[in-house]
Structure formats: C-alpha cells, structure tokens
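Take a look at the structure below.
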Amino acid sequence: MKDINKKALTLKTLNKSNVWDLQENDIFRLLDAAEKDADIKDNIRHYTDIIKSAFDIEEIKVDRPEIVKKYEDRGFKIGMMRIDESQKVKMGIKKRPIMRVTDLTYENIRHITAAKLVEVLERNFGGGWESLSQSIQDIIQSGFDISTTTLPKDRLHKPGGMYEKKVADGFEVLEIAKGAWIEAIFAKLKPEVEKPHAKLDQDRLDDFDREDNDEDEDLPEIEDKYNSVDEDDDFDEDKLTEESYRTTIEENPEDLDLTVDDVADEEDY
C-alpha cells in the first residue's frame, strides 16, 4: 500500500484487512492521533482487537532497560498505548509474520506478494498443490491466479512452453521435484476490482414497474408449443448421433507439447 493511503487511515477506518498494510510505527501514530477523540476512547478495546488480528501486543510490566532490550531483540517496537479510557501503559508491538500456509487468511492474502506466497509454499510442503487442504487453496485463490503443470525435468523449461509464457506474463513459480518429474506452481496476484454500486431511488423503481405492467398489457397471448407434452411422442434412442454430444478440452492446444515420441502409433493398437 502506498504511504498516502497509510496516512489516510484512522482507527475508525481500520479493519482486519487493511490493518495488514501497516507497520508497528503506523499503529502508534494512529493511537496518538486518536487521543482526543471521545468516541475512540470509549471503544478502545474494539480497535485494539482489530490491531491484534495482525500484530502481537505485549504489555511491558517491568519497565527496566534490560527488559525493554529483550523485547526489542525479539522484534518488538516499544511505545505507550492506551488500554482503557483512563490508563496508558508501555507496550511492545510486532507485526505477525506470515511463515506457514496456516498463517494465510482471507484478510491478509491480498497483502503479500506472489514472491512471498511462493516462499511460504516452499517452506511448508513438498507434496505439491494438491497436498494443501481445500480451505487453504480457497484462501490462496481468492487473492492469486494459480495454475500448475507437471512435466519431465528436461521438458519443463522447453523454449516457448508453458513455463516460459507464464514467467513472461509476470507469474512467480515454485518448482517441486517428483522423481524424474517436476511440478510447477505458478502464482500471480489478482487485480483488485471494485464492484460498481448502482443506486436507484424508489420513484424510479416505481416507474420501471409501471412501464413493465403497461408493456405486459399490450403483449398478445402466445401459445406455448415448446413446453407442452405430447403423450404420443416416444423418445427414440436410435436418433442420437455423435452430433448430440460435445467434448470440451480445458487445455490450451497451443500449450500442449505433443511430439512424434509422445503419440503412440495407431497401428500398435
């Protein structure tokens, strides 16, 4: 997230998604800026709960230099924080790291890069994409375009193949060895699309209803010949032909790497 968007955030606009865009110093800045807001003071626990969804917060009960140093060595930023309407204490705040696939959530998935996702996947499993639980796959795919392929080692990086095209299109890739084969997992952050919100006032909706009713009154009655059932008609299975069926191929034919060695001679069958 750009710095200008960080500065626009306040505790009142903070939620469990955009809080992942902030760092420790940003949290202390928001808390300081909210000191004179009575509404925030009355609901400070609500805002701290949101912060805790992305940050570890620990109270420093023994305020001695050596104790503070230990917190800093663990990656905590130290500052004063209000814990209720009347009390401020010294606190340590640290952004929660995303290290394992179980750290991924619908709130933070769009706040990491594709390179970071590949790093997390590489650290957590060696069984391939299908080894992930369906719930983790759903979380990842809510924020990233994911595709996979499994090919022999000597064919994965073939010029003009899927690997080369995906990398050129901006995908990060994780390669997982499976004996003489390699599974490649491609990941690219999905563009964020805002859904348009159409608003129509009630008078306009009423106008639409009246127009629809007027049009219905002018329409001639049409006999339904398609949904009627003729008891004398018998279904003839012999009339079914190959044209009655359709086969769909999900693979892009241009991506298929079929060679003479890959296709069996029909005379062998």
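To be explicit about the labels: the chains of the structure tokens are called A, B, and onward in the order shown, and within each one the residues are counted from 1, while ligands get numbers from 1 in the order they are shown.
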Got a sec to tell me which of stretch 81-143 of chain A DSSP assigns to helix (DSSP H, G or I), as a ChimeraX atom specification? /A:101-103,109-111,114-124,129-131,134-143
Once you have the residues from the selection above, write them out as a PDB file, in the first residue's frame, restricted to N, CA and C atoms.
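Okay, selection.pdb is ready:
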ATOM      1  N   VAL A 101       1.576 -21.845   5.677  1.00  0.00           N
ATOM      2  CA  VAL A 101       0.318 -21.725   4.942  1.00  0.00           C
ATOM      3  C   VAL A 101      -0.854 -21.528   5.901  1.00  0.00           C
ATOM      4  N   THR A 102      -0.713 -22.015   7.123  1.00  0.00           N
ATOM      5  CA  THR A 102      -1.781 -21.842   8.105  1.00  0.00           C
ATOM      6  C   THR A 102      -1.862 -20.403   8.615  1.00  0.00           C
ATOM      7  N   ASP A 103      -0.854 -19.572   8.307  1.00  0.00           N
ATOM      8  CA  ASP A 103      -0.907 -18.151   8.665  1.00  0.00           C
ATOM      9  C   ASP A 103      -1.730 -17.348   7.669  1.00  0.00           C
ATOM     10  N   ILE A 109      -4.380 -12.286   2.651  1.00  0.00           N
ATOM     11  CA  ILE A 109      -3.865 -12.918   1.439  1.00  0.00           C
ATOM     12  C   ILE A 109      -3.536 -11.900   0.353  1.00  0.00           C
ATOM     13  N   ARG A 110      -4.270 -10.800   0.289  1.00  0.00           N
ATOM     14  CA  ARG A 110      -4.010  -9.794  -0.735  1.00  0.00           C
ATOM     15  C   ARG A 110      -2.942  -8.778  -0.301  1.00  0.00           C
ATOM     16  N   HIS A 111      -2.376  -8.981   0.869  1.00  0.00           N
ATOM     17  CA  HIS A 111      -1.378  -8.049   1.386  1.00  0.00           C
ATOM     18  C   HIS A 111       0.027  -8.653   1.379  1.00  0.00           C
ATOM     19  N   ALA A 114       3.370 -12.195  -4.681  1.00  0.00           N
ATOM     20  CA  ALA A 114       3.446 -13.551  -5.221  1.00  0.00           C
ATOM     21  C   ALA A 114       4.763 -14.213  -4.824  1.00  0.00           C
ATOM     22  N   ALA A 115       5.841 -13.424  -4.766  1.00  0.00           N
ATOM     23  CA  ALA A 115       7.132 -13.975  -4.341  1.00  0.00           C
ATOM     24  C   ALA A 115       7.062 -14.457  -2.892  1.00  0.00           C
ATOM     25  N   LYS A 116       6.377 -13.697  -2.040  1.00  0.00           N
ATOM     26  CA  LYS A 116       6.212 -14.101  -0.643  1.00  0.00           C
ATOM     27  C   LYS A 116       5.361 -15.365  -0.555  1.00  0.00           C
ATOM     28  N   LEU A 117       4.321 -15.462  -1.368  1.00  0.00           N
ATOM     29  CA  LEU A 117       3.482 -16.663  -1.360  1.00  0.00           C
ATOM     30  C   LEU A 117       4.298 -17.892  -1.744  1.00  0.00           C
ATOM     31  N   VAL A 118       5.100 -17.776  -2.785  1.00  0.00           N
ATOM     32  CA  VAL A 118       5.945 -18.895  -3.212  1.00  0.00           C
ATOM     33  C   VAL A 118       6.898 -19.299  -2.091  1.00  0.00           C
ATOM     34  N   GLU A 119       7.433 -18.311  -1.384  1.00  0.00           N
ATOM     35  CA  GLU A 119       8.329 -18.580  -0.253  1.00  0.00           C
ATOM     36  C   GLU A 119       7.599 -19.363   0.839  1.00  0.00           C
ATOM     37  N   VAL A 120       6.361 -18.966   1.130  1.00  0.00           N
ATOM     38  CA  VAL A 120       5.577 -19.646   2.164  1.00  0.00           C
ATOM     39  C   VAL A 120       5.263 -21.083   1.731  1.00  0.00           C
ATOM     40  N   LEU A 121       4.877 -21.263   0.467  1.00  0.00           N
ATOM     41  CA  LEU A 121       4.565 -22.604  -0.037  1.00  0.00           C
ATOM     42  C   LEU A 121       5.794 -23.501  -0.009  1.00  0.00           C
ATOM     43  N   GLU A 122       6.919 -22.951  -0.399  1.00  0.00           N
ATOM     44  CA  GLU A 122       8.155 -23.743  -0.429  1.00  0.00           C
ATOM     45  C   GLU A 122       8.574 -24.189   0.968  1.00  0.00           C
ATOM     46  N   ARG A 123       8.321 -23.350   1.955  1.00  0.00           N
ATOM     47  CA  ARG A 123       8.717 -23.647   3.321  1.00  0.00           C
ATOM     48  C   ARG A 123       7.813 -24.697   3.978  1.00  0.00           C
ATOM     49  N   ASN A 124       6.626 -24.867   3.470  1.00  0.00           N
ATOM     50  CA  ASN A 124       5.631 -25.634   4.210  1.00  0.00           C
ATOM     51  C   ASN A 124       5.289 -27.013   3.671  1.00  0.00           C
ATOM     52  N   TRP A 129       0.635 -28.893  -5.036  1.00  0.00           N
ATOM     53  CA  TRP A 129      -0.560 -28.080  -4.790  1.00  0.00           C
ATOM     54  C   TRP A 129      -1.683 -28.893  -4.167  1.00  0.00           C
ATOM     55  N   GLU A 130      -1.889 -30.115  -4.643  1.00  0.00           N
ATOM     56  CA  GLU A 130      -2.996 -30.939  -4.162  1.00  0.00           C
ATOM     57  C   GLU A 130      -2.801 -31.397  -2.720  1.00  0.00           C
ATOM     58  N   SER A 131      -1.596 -31.249  -2.178  1.00  0.00           N
ATOM     59  CA  SER A 131      -1.379 -31.636  -0.782  1.00  0.00           C
ATOM     60  C   SER A 131      -1.939 -30.598   0.186  1.00  0.00           C
ATOM     61  N   GLN A 134      -8.341 -27.998   1.071  1.00  0.00           N
ATOM     62  CA  GLN A 134      -9.210 -27.207   0.207  1.00  0.00           C
ATOM     63  C   GLN A 134      -9.410 -25.802   0.750  1.00  0.00           C
ATOM     64  N   SER A 135      -9.467 -25.675   2.071  1.00  0.00           N
ATOM     65  CA  SER A 135      -9.686 -24.355   2.669  1.00  0.00           C
ATOM     66  C   SER A 135      -8.498 -23.432   2.398  1.00  0.00           C
ATOM     67  N   ILE A 136      -7.263 -23.964   2.470  1.00  0.00           N
ATOM     68  CA  ILE A 136      -6.083 -23.152   2.182  1.00  0.00           C
ATOM     69  C   ILE A 136      -6.038 -22.799   0.697  1.00  0.00           C
ATOM     70  N   GLN A 137      -6.377 -23.746  -0.168  1.00  0.00           N
ATOM     71  CA  GLN A 137      -6.423 -23.454  -1.599  1.00  0.00           C
ATOM     72  C   GLN A 137      -7.414 -22.329  -1.898  1.00  0.00           C
ATOM     73  N   ASP A 138      -8.582 -22.369  -1.252  1.00  0.00           N
ATOM     74  CA  ASP A 138      -9.612 -21.340  -1.477  1.00  0.00           C
ATOM     75  C   ASP A 138      -9.101 -19.963  -1.050  1.00  0.00           C
ATOM     76  N   ILE A 139      -8.409 -19.912   0.094  1.00  0.00           N
ATOM     77  CA  ILE A 139      -7.858 -18.631   0.573  1.00  0.00           C
ATOM     78  C   ILE A 139      -6.850 -18.092  -0.433  1.00  0.00           C
ATOM     79  N   ILE A 140      -5.924 -18.941  -0.877  1.00  0.00           N
ATOM     80  CA  ILE A 140      -4.889 -18.505  -1.812  1.00  0.00           C
ATOM     81  C   ILE A 140      -5.508 -18.022  -3.128  1.00  0.00           C
ATOM     82  N   GLN A 141      -6.484 -18.775  -3.639  1.00  0.00           N
ATOM     83  CA  GLN A 141      -7.081 -18.429  -4.920  1.00  0.00           C
ATOM     84  C   GLN A 141      -8.014 -17.226  -4.831  1.00  0.00           C
ATOM     85  N   SER A 142      -8.366 -16.814  -3.628  1.00  0.00           N
ATOM     86  CA  SER A 142      -9.155 -15.588  -3.501  1.00  0.00           C
ATOM     87  C   SER A 142      -8.298 -14.359  -3.797  1.00  0.00           C
ATOM     88  N   GLY A 143      -6.969 -14.502  -3.712  1.00  0.00           N
ATOM     89  CA  GLY A 143      -6.095 -13.369  -3.955  1.00  0.00           C
ATOM     90  C   GLY A 143      -5.127 -13.559  -5.113  1.00  0.00           C
TER      91      GLY A 143
END
Can I get the residues of stretch 7-39 of chain A within 12 Å of stretch 89-92 of chain A, each with the closest pair of atoms and their distance in Å to one decimal, using only C-alpha atoms, sorted chain first then ascending number, as a tab-separated table?
residue	atom	partner	partner_atom	distance
A:Glu24	CA	A:Gly92	CA	9.1
A:Asn25	CA	A:Gly92	CA	10.9
A:Ile27	CA	A:Gly92	CA	11.1
A:Phe28	CA	A:Met91	CA	9.9
To one decimal place, how far is atom CA of A:Val167 from atom CA of A:Asn18 in Å?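 Calculated distance between atom CA of A:Val167 and atom CA of A:Asn18 is 29.0 Å.
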So which residues touch A:Ala33 within 12 Å, counting only C-alpha atoms, skipping near sequence neighbours fewer than 6 positions away, as number ranges by chain? A: 7-12, 26-27, 40-41, 81-82
Expected file: the selected residues, N, CA and C atoms, as an mmCIF file, in the first residue's frame:
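The result, stored in out_21.cif:
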data_model
loop_
_atom_site.group_PDB
_atom_site.id
_atom_site.type_symbol
_atom_site.label_atom_id
_atom_site.label_comp_id
_atom_site.auth_asym_id
_atom_site.auth_seq_id
_atom_site.Cartn_x
_atom_site.Cartn_y
_atom_site.Cartn_z
ATOM 1 N N LYS A 7 -1.474 7.158 5.446
ATOM 2 C CA LYS A 7 -1.754 8.379 6.179
ATOM 3 C C LYS A 7 -3.252 8.665 6.229
ATOM 4 N N ALA A 8 -3.992 8.179 5.234
ATOM 5 C CA ALA A 8 -5.431 8.417 5.205
ATOM 6 C C ALA A 8 -6.167 7.527 6.204
ATOM 7 N N LEU A 9 -5.533 6.432 6.619
ATOM 8 C CA LEU A 9 -6.177 5.528 7.566
ATOM 9 C C LEU A 9 -6.245 6.146 8.955
ATOM 10 N N THR A 10 -7.351 5.895 9.632
ATOM 11 C CA THR A 10 -7.507 6.249 11.039
ATOM 12 C C THR A 10 -8.001 5.010 11.764
ATOM 13 N N LEU A 11 -8.055 5.087 13.086
ATOM 14 C CA LEU A 11 -8.576 3.938 13.820
ATOM 15 C C LEU A 11 -10.018 3.637 13.414
ATOM 16 N N LYS A 12 -10.776 4.689 13.089
ATOM 17 C CA LYS A 12 -12.178 4.490 12.727
ATOM 18 C C LYS A 12 -12.346 3.794 11.381
ATOM 19 N N ASP A 26 3.225 2.764 12.447
ATOM 20 C CA ASP A 26 1.935 3.291 11.992
ATOM 21 C C ASP A 26 0.869 3.124 13.072
ATOM 22 N N ILE A 27 0.917 2.009 13.788
ATOM 23 C CA ILE A 27 -0.068 1.760 14.849
ATOM 24 C C ILE A 27 0.075 2.785 15.962
ATOM 25 N N ILE A 40 -13.399 7.156 20.218
ATOM 26 C CA ILE A 40 -12.375 6.115 20.212
ATOM 27 C C ILE A 40 -12.028 5.696 21.635
ATOM 28 N N LYS A 41 -11.934 6.648 22.542
ATOM 29 C CA LYS A 41 -11.624 6.308 23.929
ATOM 30 C C LYS A 41 -12.667 5.374 24.519
ATOM 31 N N MET A 81 0.701 3.025 24.977
ATOM 32 C CA MET A 81 -0.571 2.649 24.357
ATOM 33 C C MET A 81 -1.671 2.683 25.402
ATOM 34 N N ARG A 82 -2.816 3.235 25.025
ATOM 35 C CA ARG A 82 -3.948 3.292 25.939
ATOM 36 C C ARG A 82 -4.688 1.955 25.911
#
Could you pull the residues within 10 Å of stretch 68-78 of chain A, counting only C-alpha atoms, minus those fewer than 2 positions along the same chain, as a PyMOL selection string? chain A and resi 23-25+28+55-66+80-81+90-95
